[in-house]
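Quick look at start.cif (mmCIF, C-alpha atoms; chains and numbers go by the auth columns):
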```cif
data_query
loop_
_atom_site.group_PDB
_atom_site.id
_atom_site.type_symbol
_atom_site.label_atom_id
_atom_site.label_comp_id
_atom_site.label_asym_id
_atom_site.label_seq_id
_atom_site.Cartn_x
_atom_site.Cartn_y
_atom_site.Cartn_z
_atom_site.B_iso_or_equiv
_atom_site.auth_seq_id
_atom_site.auth_asym_id
ATOM 1 C CA MET A 1 -112.076 28.128 13.874 0.00 1 A
ATOM 2 C CA THR A 2 -113.876 28.874 17.144 0.00 2 A
ATOM 3 C CA LEU A 3 -117.594 28.168 17.253 0.00 3 A
ATOM 4 C CA GLU A 4 -119.687 31.319 17.412 0.00 4 A
ATOM 5 C CA ILE A 5 -123.066 29.614 17.791 0.00 5 A
ATOM 6 C CA VAL A 6 -123.929 26.510 19.792 0.00 6 A
ATOM 7 C CA GLY A 7 -127.339 24.967 19.133 0.00 7 A
ATOM 8 C CA ALA A 8 -129.084 23.461 22.147 0.00 8 A
ATOM 9 C CA GLY A 9 -132.279 22.332 20.427 0.00 9 A
ATOM 10 C CA PHE A 10 -132.969 18.625 20.064 0.00 10 A
ATOM 11 C CA GLY A 11 -133.562 17.117 16.648 0.00 11 A
ATOM 12 C CA ARG A 12 -137.084 17.638 15.215 0.00 12 A
ATOM 13 C CA THR A 13 -137.238 21.272 16.347 0.00 13 A
ATOM 14 C CA GLY A 14 -136.454 22.786 12.964 0.00 14 A
ATOM 15 C CA THR A 15 -132.715 22.302 13.238 0.00 15 A
ATOM 16 C CA TYR A 16 -132.064 21.724 9.545 0.00 16 A
ATOM 17 C CA SER A 17 -133.968 24.885 8.709 0.00 17 A
ATOM 18 C CA LEU A 18 -131.894 26.687 11.344 0.00 18 A
ATOM 19 C CA LYS A 19 -128.676 25.314 9.866 0.00 19 A
ATOM 20 C CA THR A 20 -129.734 26.598 6.460 0.00 20 A
ATOM 21 C CA ALA A 21 -130.749 29.961 7.888 0.00 21 A
ATOM 22 C CA LEU A 22 -127.468 30.447 9.750 0.00 22 A
ATOM 23 C CA GLU A 23 -125.498 29.695 6.622 0.00 23 A
ATOM 24 C CA MET A 24 -127.625 32.165 4.671 0.00 24 A
ATOM 25 C CA ILE A 25 -126.765 34.990 7.081 0.00 25 A
ATOM 26 C CA GLY A 26 -123.045 34.300 7.247 0.00 26 A
ATOM 27 C CA PHE A 27 -122.581 31.815 10.072 0.00 27 A
ATOM 28 C CA GLY A 28 -121.569 28.856 7.974 0.00 28 A
ATOM 29 C CA PRO A 29 -120.530 26.263 7.654 0.00 29 A
ATOM 30 C CA CYS A 30 -122.906 24.961 10.312 0.00 30 A
ATOM 31 C CA HIS A 31 -122.391 21.501 11.800 0.00 31 A
ATOM 32 C CA HIS A 32 -125.490 19.274 11.889 0.00 32 A
ATOM 33 C CA MET A 33 -126.205 15.545 11.996 0.00 33 A
ATOM 34 C CA SER A 34 -126.131 15.683 8.207 0.00 34 A
ATOM 35 C CA GLU A 35 -122.381 16.305 8.566 0.00 35 A
ATOM 36 C CA VAL A 36 -122.036 13.114 10.600 0.00 36 A
ATOM 37 C CA ILE A 37 -124.231 10.374 9.175 0.00 37 A
ATOM 38 C CA ASP A 38 -121.882 9.259 6.391 0.00 38 A
ATOM 39 C CA ASN A 39 -118.617 10.630 7.798 0.00 39 A
ATOM 40 C CA PRO A 40 -116.630 7.862 9.538 0.00 40 A
ATOM 41 C CA GLU A 41 -114.286 10.364 11.182 0.00 41 A
ATOM 42 C CA GLN A 42 -117.174 12.337 12.681 0.00 42 A
ATOM 43 C CA ILE A 43 -118.874 9.145 13.852 0.00 43 A
ATOM 44 C CA LEU A 44 -115.659 8.066 15.564 0.00 44 A
ATOM 45 C CA HIS A 45 -115.226 11.474 17.180 0.00 45 A
ATOM 46 C CA TRP A 46 -118.758 11.471 18.565 0.00 46 A
ATOM 47 C CA THR A 47 -118.371 7.888 19.757 0.00 47 A
ATOM 48 C CA ASP A 48 -115.369 9.147 21.708 0.00 48 A
ATOM 49 C CA VAL A 49 -117.428 12.045 23.086 0.00 49 A
ATOM 50 C CA ALA A 50 -120.033 9.569 24.333 0.00 50 A
ATOM 51 C CA ALA A 51 -117.209 7.644 26.016 0.00 51 A
ATOM 52 C CA GLY A 52 -116.017 10.789 27.793 0.00 52 A
ATOM 53 C CA GLN A 53 -113.131 11.567 25.453 0.00 53 A
ATOM 54 C CA ALA A 54 -114.224 14.742 23.707 0.00 54 A
ATOM 55 C CA ASP A 55 -112.078 16.415 21.072 0.00 55 A
ATOM 56 C CA PHE A 56 -114.317 19.320 20.124 0.00 56 A
ATOM 57 C CA ASP A 57 -111.494 21.150 18.349 0.00 57 A
ATOM 58 C CA SER A 58 -111.284 18.333 15.805 0.00 58 A
ATOM 59 C CA ILE A 59 -115.037 17.851 15.524 0.00 59 A
ATOM 60 C CA PHE A 60 -115.764 21.510 14.809 0.00 60 A
ATOM 61 C CA ALA A 61 -112.645 22.432 12.863 0.00 61 A
ATOM 62 C CA GLY A 62 -113.753 24.791 10.081 0.00 62 A
ATOM 63 C CA TYR A 63 -117.266 25.325 11.471 0.00 63 A
ATOM 64 C CA ARG A 64 -118.691 28.609 12.753 0.00 64 A
ATOM 65 C CA ALA A 65 -121.907 27.149 14.155 0.00 65 A
ATOM 66 C CA ALA A 66 -123.335 23.812 15.263 0.00 66 A
ATOM 67 C CA VAL A 67 -126.960 22.733 15.727 0.00 67 A
ATOM 68 C CA ASP A 68 -129.007 19.522 16.075 0.00 68 A
ATOM 69 C CA PHE A 69 -127.874 16.225 17.547 0.00 69 A
ATOM 70 C CA PRO A 70 -125.148 15.332 18.410 0.00 70 A
ATOM 71 C CA VAL A 71 -124.069 18.812 19.569 0.00 71 A
ATOM 72 C CA SER A 72 -127.333 19.570 21.369 0.00 72 A
ATOM 73 C CA ALA A 73 -126.787 16.573 23.643 0.00 73 A
ATOM 74 C CA TYR A 74 -123.506 18.124 24.814 0.00 74 A
ATOM 75 C CA TRP A 75 -124.136 21.820 24.272 0.00 75 A
ATOM 76 C CA GLN A 76 -123.075 22.813 27.775 0.00 76 A
ATOM 77 C CA ASP A 77 -119.722 21.061 27.361 0.00 77 A
ATOM 78 C CA VAL A 78 -119.285 22.600 23.923 0.00 78 A
ATOM 79 C CA LEU A 79 -120.129 26.025 25.323 0.00 79 A
ATOM 80 C CA ALA A 80 -117.561 25.573 28.082 0.00 80 A
ATOM 81 C CA ALA A 81 -114.978 24.911 25.367 0.00 81 A
ATOM 82 C CA ASN A 82 -116.197 27.958 23.393 0.00 82 A
ATOM 83 C CA PRO A 83 -117.114 30.426 26.160 0.00 83 A
ATOM 84 C CA ASP A 84 -117.680 33.378 23.830 0.00 84 A
ATOM 85 C CA ALA A 85 -120.248 31.529 21.721 0.00 85 A
ATOM 86 C CA ARG A 86 -123.936 32.338 21.810 0.00 86 A
ATOM 87 C CA VAL A 87 -126.568 29.666 22.374 0.00 87 A
ATOM 88 C CA ILE A 88 -129.683 29.141 20.271 0.00 88 A
ATOM 89 C CA LEU A 89 -132.416 26.821 21.470 0.00 89 A
ATOM 90 C CA SER A 90 -134.579 25.795 18.527 0.00 90 A
ATOM 91 C CA ALA A 91 -137.861 25.259 20.339 0.00 91 A
ATOM 92 C CA ARG A 92 -141.144 23.509 19.717 0.00 92 A
ATOM 93 C CA ASP A 93 -144.200 22.741 21.832 0.00 93 A
ATOM 94 C CA PRO A 94 -143.148 19.704 23.920 0.00 94 A
ATOM 95 C CA ASP A 95 -146.101 17.504 23.023 0.00 95 A
ATOM 96 C CA ASP A 96 -145.842 18.422 19.349 0.00 96 A
ATOM 97 C CA TRP A 97 -142.108 17.728 19.438 0.00 97 A
ATOM 98 C CA TYR A 98 -142.624 14.354 21.112 0.00 98 A
ATOM 99 C CA GLY A 99 -145.166 13.392 18.455 0.00 99 A
ATOM 100 C CA SER A 100 -142.555 13.997 15.761 0.00 100 A
ATOM 101 C CA PHE A 101 -139.585 12.574 17.675 0.00 101 A
ATOM 102 C CA SER A 102 -141.456 9.408 18.639 0.00 102 A
ATOM 103 C CA GLN A 103 -142.338 8.711 14.995 0.00 103 A
ATOM 104 C CA THR A 104 -138.934 9.473 13.484 0.00 104 A
ATOM 105 C CA ILE A 105 -135.744 9.432 15.526 0.00 105 A
ATOM 106 C CA LEU A 106 -136.895 7.268 18.447 0.00 106 A
ATOM 107 C CA PRO A 107 -138.021 4.200 16.469 0.00 107 A
ATOM 108 C CA LEU A 108 -134.852 4.339 14.403 0.00 108 A
ATOM 109 C CA ILE A 109 -132.862 3.991 17.608 0.00 109 A
ATOM 110 C CA LEU A 110 -135.032 1.421 19.363 0.00 110 A
ATOM 111 C CA GLU A 111 -135.653 -0.931 16.438 0.00 111 A
ATOM 112 C CA LYS A 112 -132.144 -2.355 16.450 0.00 112 A
ATOM 113 C CA ALA A 113 -133.029 -5.302 14.236 0.00 113 A
ATOM 114 C CA SER A 114 -133.561 -2.856 11.379 0.00 114 A
ATOM 115 C CA TRP A 115 -130.138 -1.212 11.691 0.00 115 A
ATOM 116 C CA PRO A 116 -128.260 -1.763 8.407 0.00 116 A
ATOM 117 C CA ASP A 117 -124.792 -3.225 8.868 0.00 117 A
ATOM 118 C CA GLU A 118 -123.185 -0.476 6.809 0.00 118 A
ATOM 119 C CA ARG A 119 -124.528 2.157 9.217 0.00 119 A
ATOM 120 C CA ARG A 120 -124.275 0.252 12.494 0.00 120 A
ATOM 121 C CA SER A 121 -121.516 2.453 13.909 0.00 121 A
ATOM 122 C CA TRP A 122 -123.680 5.536 13.319 0.00 122 A
ATOM 123 C CA PHE A 123 -126.720 3.941 14.945 0.00 123 A
ATOM 124 C CA GLU A 124 -124.682 2.810 17.930 0.00 124 A
ATOM 125 C CA MET A 125 -123.303 6.308 18.311 0.00 125 A
ATOM 126 C CA ILE A 126 -126.672 8.070 18.114 0.00 126 A
ATOM 127 C CA GLU A 127 -128.156 5.630 20.633 0.00 127 A
ATOM 128 C CA ARG A 128 -125.463 6.596 23.136 0.00 128 A
ATOM 129 C CA VAL A 129 -125.642 10.297 22.333 0.00 129 A
ATOM 130 C CA ILE A 130 -129.411 10.718 22.148 0.00 130 A
ATOM 131 C CA VAL A 131 -130.770 8.130 24.571 0.00 131 A
ATOM 132 C CA GLY A 132 -127.765 7.845 26.848 0.00 132 A
ATOM 133 C CA GLN A 133 -126.909 11.536 27.065 0.00 133 A
ATOM 134 C CA ALA A 134 -129.706 13.814 25.875 0.00 134 A
ATOM 135 C CA LEU A 135 -132.545 11.722 27.317 0.00 135 A
ATOM 136 C CA GLY A 136 -130.735 10.470 30.406 0.00 136 A
ATOM 137 C CA GLY A 137 -131.338 6.853 29.456 0.00 137 A
ATOM 138 C CA ARG A 138 -135.118 7.223 29.295 0.00 138 A
ATOM 139 C CA THR A 139 -137.168 5.968 26.345 0.00 139 A
ATOM 140 C CA ASP A 140 -140.653 6.376 27.839 0.00 140 A
ATOM 141 C CA ARG A 141 -142.819 9.365 27.006 0.00 141 A
ATOM 142 C CA GLU A 142 -142.706 10.872 30.482 0.00 142 A
ATOM 143 C CA GLY A 143 -138.940 10.545 30.760 0.00 143 A
ATOM 144 C CA ILE A 144 -138.286 11.886 27.272 0.00 144 A
ATOM 145 C CA LEU A 145 -140.490 14.937 27.845 0.00 145 A
ATOM 146 C CA ALA A 146 -138.844 15.568 31.219 0.00 146 A
ATOM 147 C CA ALA A 147 -135.430 15.591 29.525 0.00 147 A
ATOM 148 C CA TYR A 148 -136.719 17.899 26.783 0.00 148 A
ATOM 149 C CA ARG A 149 -138.103 20.388 29.307 0.00 149 A
ATOM 150 C CA ALA A 150 -135.001 20.244 31.498 0.00 150 A
ATOM 151 C CA ASN A 151 -132.844 21.020 28.481 0.00 151 A
ATOM 152 C CA ALA A 152 -134.987 24.037 27.641 0.00 152 A
ATOM 153 C CA GLU A 153 -134.847 25.279 31.233 0.00 153 A
ATOM 154 C CA ALA A 154 -131.037 25.094 31.208 0.00 154 A
ATOM 155 C CA VAL A 155 -130.952 27.353 28.141 0.00 155 A
ATOM 156 C CA GLU A 156 -133.528 29.761 29.497 0.00 156 A
ATOM 157 C CA ARG A 157 -131.232 30.494 32.437 0.00 157 A
ATOM 158 C CA LEU A 158 -128.796 32.029 29.927 0.00 158 A
ATOM 159 C CA VAL A 159 -131.390 34.164 28.165 0.00 159 A
ATOM 160 C CA GLU A 160 -131.437 36.893 30.806 0.00 160 A
ATOM 161 C CA ASP A 161 -127.792 37.840 30.279 0.00 161 A
ATOM 162 C CA GLY A 162 -128.202 37.921 26.498 0.00 162 A
ATOM 163 C CA ARG A 163 -126.157 34.805 25.800 0.00 163 A
ATOM 164 C CA ALA A 164 -129.032 32.667 24.563 0.00 164 A
ATOM 165 C CA LEU A 165 -132.064 32.866 22.302 0.00 165 A
ATOM 166 C CA VAL A 166 -135.136 30.655 22.422 0.00 166 A
ATOM 167 C CA PHE A 167 -136.172 30.501 18.792 0.00 167 A
ATOM 168 C CA ARG A 168 -139.130 28.965 16.993 0.00 168 A
ATOM 169 C CA ALA A 169 -139.052 28.532 13.245 0.00 169 A
ATOM 170 C CA GLN A 170 -142.441 30.210 12.887 0.00 170 A
ATOM 171 C CA ASP A 171 -140.932 33.375 14.392 0.00 171 A
ATOM 172 C CA GLY A 172 -139.061 33.937 11.120 0.00 172 A
ATOM 173 C CA TRP A 173 -135.935 35.971 10.603 0.00 173 A
ATOM 174 C CA ALA A 174 -136.487 38.930 12.950 0.00 174 A
ATOM 175 C CA PRO A 175 -135.582 37.492 16.385 0.00 175 A
ATOM 176 C CA LEU A 176 -132.725 35.434 14.986 0.00 176 A
ATOM 177 C CA CYS A 177 -131.151 38.311 13.090 0.00 177 A
ATOM 178 C CA THR A 178 -131.647 40.734 15.965 0.00 178 A
ATOM 179 C CA PHE A 179 -129.944 38.323 18.362 0.00 179 A
ATOM 180 C CA LEU A 180 -126.997 37.858 16.004 0.00 180 A
ATOM 181 C CA GLY A 181 -126.786 41.490 14.938 0.00 181 A
ATOM 182 C CA VAL A 182 -127.221 40.950 11.216 0.00 182 A
ATOM 183 C CA GLU A 183 -129.613 42.249 8.595 0.00 183 A
ATOM 184 C CA ILE A 184 -132.773 40.349 7.723 0.00 184 A
ATOM 185 C CA PRO A 185 -132.442 38.655 4.304 0.00 185 A
ATOM 186 C CA ASP A 186 -134.883 39.301 1.503 0.00 186 A
ATOM 187 C CA ASP A 187 -135.454 35.568 1.097 0.00 187 A
ATOM 188 C CA PRO A 188 -138.080 33.865 3.266 0.00 188 A
ATOM 189 C CA TYR A 189 -136.953 31.905 6.297 0.00 189 A
ATOM 190 C CA PRO A 190 -136.124 28.372 5.081 0.00 190 A
ATOM 191 C CA LYS A 191 -138.499 25.501 5.681 0.00 191 A
ATOM 192 C CA THR A 192 -136.967 22.057 5.279 0.00 192 A
ATOM 193 C CA ASN A 193 -136.986 18.470 6.501 0.00 193 A
ATOM 194 C CA ALA A 194 -140.599 17.380 6.666 0.00 194 A
ATOM 195 C CA ARG A 195 -141.209 13.984 8.231 0.00 195 A
ATOM 196 C CA ALA A 196 -141.165 12.089 4.933 0.00 196 A
ATOM 197 C CA ASP A 197 -137.918 13.793 3.984 0.00 197 A
ATOM 198 C CA PHE A 198 -136.389 12.666 7.266 0.00 198 A
ATOM 199 C CA PHE A 199 -136.788 8.985 6.472 0.00 199 A
ATOM 200 C CA ALA A 200 -135.643 9.429 2.891 0.00 200 A
ATOM 201 C CA ALA A 201 -132.524 11.203 4.145 0.00 201 A
ATOM 202 C CA VAL A 202 -131.595 8.552 6.684 0.00 202 A
ATOM 203 C CA LYS A 203 -132.085 5.862 4.082 0.00 203 A
ATOM 204 C CA SER A 204 -130.018 7.597 1.443 0.00 204 A
ATOM 205 C CA GLY A 205 -127.500 9.413 3.596 0.00 205 A
ATOM 206 C CA ALA A 206 -128.483 12.678 1.934 0.00 206 A
ATOM 207 C CA GLU A 207 -128.228 16.029 3.640 0.00 207 A
ATOM 208 C CA GLU A 208 -131.538 16.317 5.459 0.00 208 A
ATOM 209 C CA THR A 209 -131.347 13.866 8.330 0.00 209 A
ATOM 210 C CA ALA A 210 -132.121 14.156 12.020 0.00 210 A
ATOM 211 C CA GLY A 211 -133.255 17.799 12.044 0.00 211 A
#
```

Have the structure of the file written as structure tokens, please.
Amino acid sequence: MTLEIVGAGFGRTGTYSLKTALEMIGFGPCHHMSEVIDNPEQILHWTDVAAGQADFDSIFAGYRAAVDFPVSAYWQDVLAANPDARVILSARDPDDWYGSFSQTILPLILEKASWPDERRSWFEMIERVIVGQALGGRTDREGILAAYRANAEAVERLVEDGRALVFRAQDGWAPLCTFLGVEIPDDPYPKTNARADFFAAVKSGAEETAG
């Protein structure tokens, strides 16, 4: 199955809510870090991607959309492999995003002594994907925010020709559904993955993880 939607938004920009929303309006299944965390095959595939040996056909087999890390770290490569796909940047105020990222995903990566042995391969993979690729090797506030803004600017260059949408969860259904050409559901736009839920998910391997 060819991907129809490629998510460019970094984790902690409402990506799990976006995954849920896309599946509600017919663009599922949607790949997300929750599909990776306890899936040895996915972890191996993304480890290969980080090593320059991408097999996106295998990674996204059966998926119609993909959001969150790891895909957002490589969205331009994924888009090149799926040239008819549309891009969605789940966006958040940079300083607000950094406040969340620096208290959730970043310490998980940097505090290597706390990595559980049974999840070490996943932690090693996300370090390479998130720090090595998405953040350009930077772990300081200035460098992380520069990478975040540069990623947004790359997406915004595609907005003018209608191939990309910059979307904020607080915007609700209307811009998302208009962009994708579908009707607005009667249900409210989903709201998931609060900060406390993030840590519970990583600990348990449940669905809501790095979104």

Using all atoms listed in the file, find the one residue out of A:Ala73, A:Ile130, A:Ala147, A:Val87 that sits nearest to Ile105 (chain A).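 Answer, going by the shortest atom-to-atom distance: A:Ile130.
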
Expand the PyMOL selection byres ((chain A and resi 40-50) around 7) into the individual residues it matches in the shown file, reporting them as JSON, numbers by chain. {"A": [36, 38, 39, 51, 52, 53, 54, 59, 122, 125, 128, 129]}

Written selection (C-alpha atoms) as a compact mmCIF listing (two decimals), in the coordinates of the input:
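again.txt was written with the following content:
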```txt
# COMPACT_ATOMS: atom_id res chain seq x y z
CA VAL A 36 -122.04 13.11 10.60
CA ASP A 38 -121.88 9.26 6.39
CA ASN A 39 -118.62 10.63 7.80
CA ALA A 51 -117.21 7.64 26.02
CA GLY A 52 -116.02 10.79 27.79
CA GLN A 53 -113.13 11.57 25.45
CA ALA A 54 -114.22 14.74 23.71
CA ILE A 59 -115.04 17.85 15.52
CA TRP A 122 -123.68 5.54 13.32
CA MET A 125 -123.30 6.31 18.31
CA ARG A 128 -125.46 6.60 23.14
CA VAL A 129 -125.64 10.30 22.33
```

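Of the residues listed (A:Leu108, A:Tyr74, A:Arg119, A:Ser114), A:Tyr74 shows the shortest atom-to-atom separation from Gly136 (chain A); distances use all atoms listed in the file.
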
Write out as CSV a residue-level contact list of region 82-153 of chain A versus region 170-192 of chain A with cut-off 12 Å: for each qualifying residue the closest pair of atoms and the distance in Å to one decimal, counting only C-alpha atoms, rows sorted by chain and residue number upward.
```
residue,atom,partner,partner_atom,distance
A:Ala85,CA,A:Leu180,CA,10.9
A:Arg86,CA,A:Leu180,CA,8.6
A:Val87,CA,A:Phe179,CA,10.1
A:Ile88,CA,A:Leu176,CA,8.8
A:Leu89,CA,A:Leu176,CA,10.8
A:Ser90,CA,A:Leu176,CA,10.4
A:Ala91,CA,A:Gln170,CA,10.1
A:Arg92,CA,A:Gln170,CA,9.7
A:Asp93,CA,A:Gln170,CA,11.8
```

Rounded to one decimal, what separation in Å do you get between CA of Thr20 (chain A) and CA of Arg64 (chain A)?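 Taking CA of Thr20 (chain A) as the start and CA of Arg64 (chain A) as the end point, the length is 12.9 Å.
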
Distance CA of Asp140 (chain A)-CA of Leu18 (chain A), one decimal place? 27.6 Å

Residue nearest Ala21 (chain A) - candidates A:Ala146, A:Ala8, A:Ala169, A:Ile37, atoms counted: all atoms listed in the file: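 Looking only at the distances to Ala21 (chain A), the closest residue turns out to be A:Ala169.
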
When the PyMOL selection byres ((chain A and resi 71) around 10) is applied to the structure above, which residues does it catch, written out as a list in words?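 This file gives the following for the PyMOL selection byres ((chain A and resi 71) around 10): Val6, Gly7, Ala8, Gly9, Phe10, His31, His32, Met33, Trp46, Phe56, Ile59, Phe60, Ala66, Val67, Asp68, Phe69, Pro70, Ser72, Ala73, Tyr74, Trp75, Gln76, Asp77, Val78, Val129 and Ala134 of chain A.
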
Grab all the atoms of region 28-34 of chain A that the file lists, wrap them in a box along x, y and z, add 6 Å per side, and give me centre plus edge lengths in Å (one decimal) as lines of an AutoDock Vina configuration file.
```
center_x = -123.4
center_y = 22.2
center_z = 9.8
size_x = 17.7
size_y = 25.3
size_z = 16.3
```

To one decimal place in Å, what is the distance between CA of Leu22 (chain A) and CA of Thr104 (chain A)?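 According to the coordinates, CA of Leu22 (chain A) and CA of Thr104 (chain A) are separated by 24.2 Å.
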
Could you tell me which of A:Leu3, A:Thr15, A:Tyr148, A:Pro29 comes closest to Arg168 (chain A) if we count all atoms listed in the file?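 Between A:Leu3, A:Thr15, A:Tyr148, A:Pro29, the residue approaching Arg168 (chain A) most closely is A:Thr15.
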
Where atoms are absent from region 98-112 of chain A, fill them in so it carries N, CA and C atoms, then output it as an mmCIF file, in the frame of the given file.
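Output contents, as saved in part13.cif:
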```
data_model
loop_
_atom_site.group_PDB
_atom_site.id
_atom_site.type_symbol
_atom_site.label_atom_id
_atom_site.label_comp_id
_atom_site.auth_asym_id
_atom_site.auth_seq_id
_atom_site.Cartn_x
_atom_site.Cartn_y
_atom_site.Cartn_z
ATOM 1 N N TYR A 98 -142.653 15.786 20.797
ATOM 2 C CA TYR A 98 -142.624 14.354 21.112
ATOM 3 C C TYR A 98 -143.345 13.553 20.025
ATOM 4 N N GLY A 99 -144.460 14.087 19.519
ATOM 5 C CA GLY A 99 -145.166 13.392 18.455
ATOM 6 C C GLY A 99 -144.284 13.156 17.252
ATOM 7 N N SER A 100 -143.470 14.143 16.891
ATOM 8 C CA SER A 100 -142.555 13.997 15.761
ATOM 9 C C SER A 100 -141.375 13.097 16.109
ATOM 10 N N PHE A 101 -140.752 13.343 17.246
ATOM 11 C CA PHE A 101 -139.585 12.574 17.675
ATOM 12 C C PHE A 101 -139.917 11.090 17.811
ATOM 13 N N SER A 102 -141.082 10.798 18.376
ATOM 14 C CA SER A 102 -141.456 9.408 18.639
ATOM 15 C C SER A 102 -141.809 8.639 17.370
ATOM 16 N N GLN A 103 -142.014 9.367 16.262
ATOM 17 C CA GLN A 103 -142.338 8.711 14.995
ATOM 18 C C GLN A 103 -141.179 8.752 14.004
ATOM 19 N N THR A 104 -140.073 9.353 14.399
ATOM 20 C CA THR A 104 -138.934 9.473 13.484
ATOM 21 C C THR A 104 -137.652 8.967 14.139
ATOM 22 N N ILE A 105 -137.041 9.777 14.950
ATOM 23 C CA ILE A 105 -135.744 9.432 15.526
ATOM 24 C C ILE A 105 -135.837 8.265 16.502
ATOM 25 N N LEU A 106 -136.824 8.292 17.414
ATOM 26 C CA LEU A 106 -136.895 7.268 18.447
ATOM 27 C C LEU A 106 -137.021 5.849 17.898
ATOM 28 N N PRO A 107 -137.941 5.576 16.982
ATOM 29 C CA PRO A 107 -138.021 4.200 16.469
ATOM 30 C C PRO A 107 -136.769 3.764 15.719
ATOM 31 N N LEU A 108 -136.102 4.703 15.066
ATOM 32 C CA LEU A 108 -134.852 4.339 14.403
ATOM 33 C C LEU A 108 -133.840 3.808 15.401
ATOM 34 N N ILE A 109 -133.813 4.410 16.588
ATOM 35 C CA ILE A 109 -132.862 3.991 17.608
ATOM 36 C C ILE A 109 -133.291 2.685 18.266
ATOM 37 N N LEU A 110 -134.566 2.562 18.584
ATOM 38 C CA LEU A 110 -135.032 1.421 19.363
ATOM 39 C C LEU A 110 -135.175 0.144 18.550
ATOM 40 N N GLU A 111 -135.448 0.263 17.268
ATOM 41 C CA GLU A 111 -135.653 -0.931 16.438
ATOM 42 C C GLU A 111 -134.320 -1.420 15.893
ATOM 43 N N LYS A 112 -133.524 -1.997 16.788
ATOM 44 C CA LYS A 112 -132.144 -2.355 16.450
ATOM 45 C C LYS A 112 -132.055 -3.414 15.359
#
```
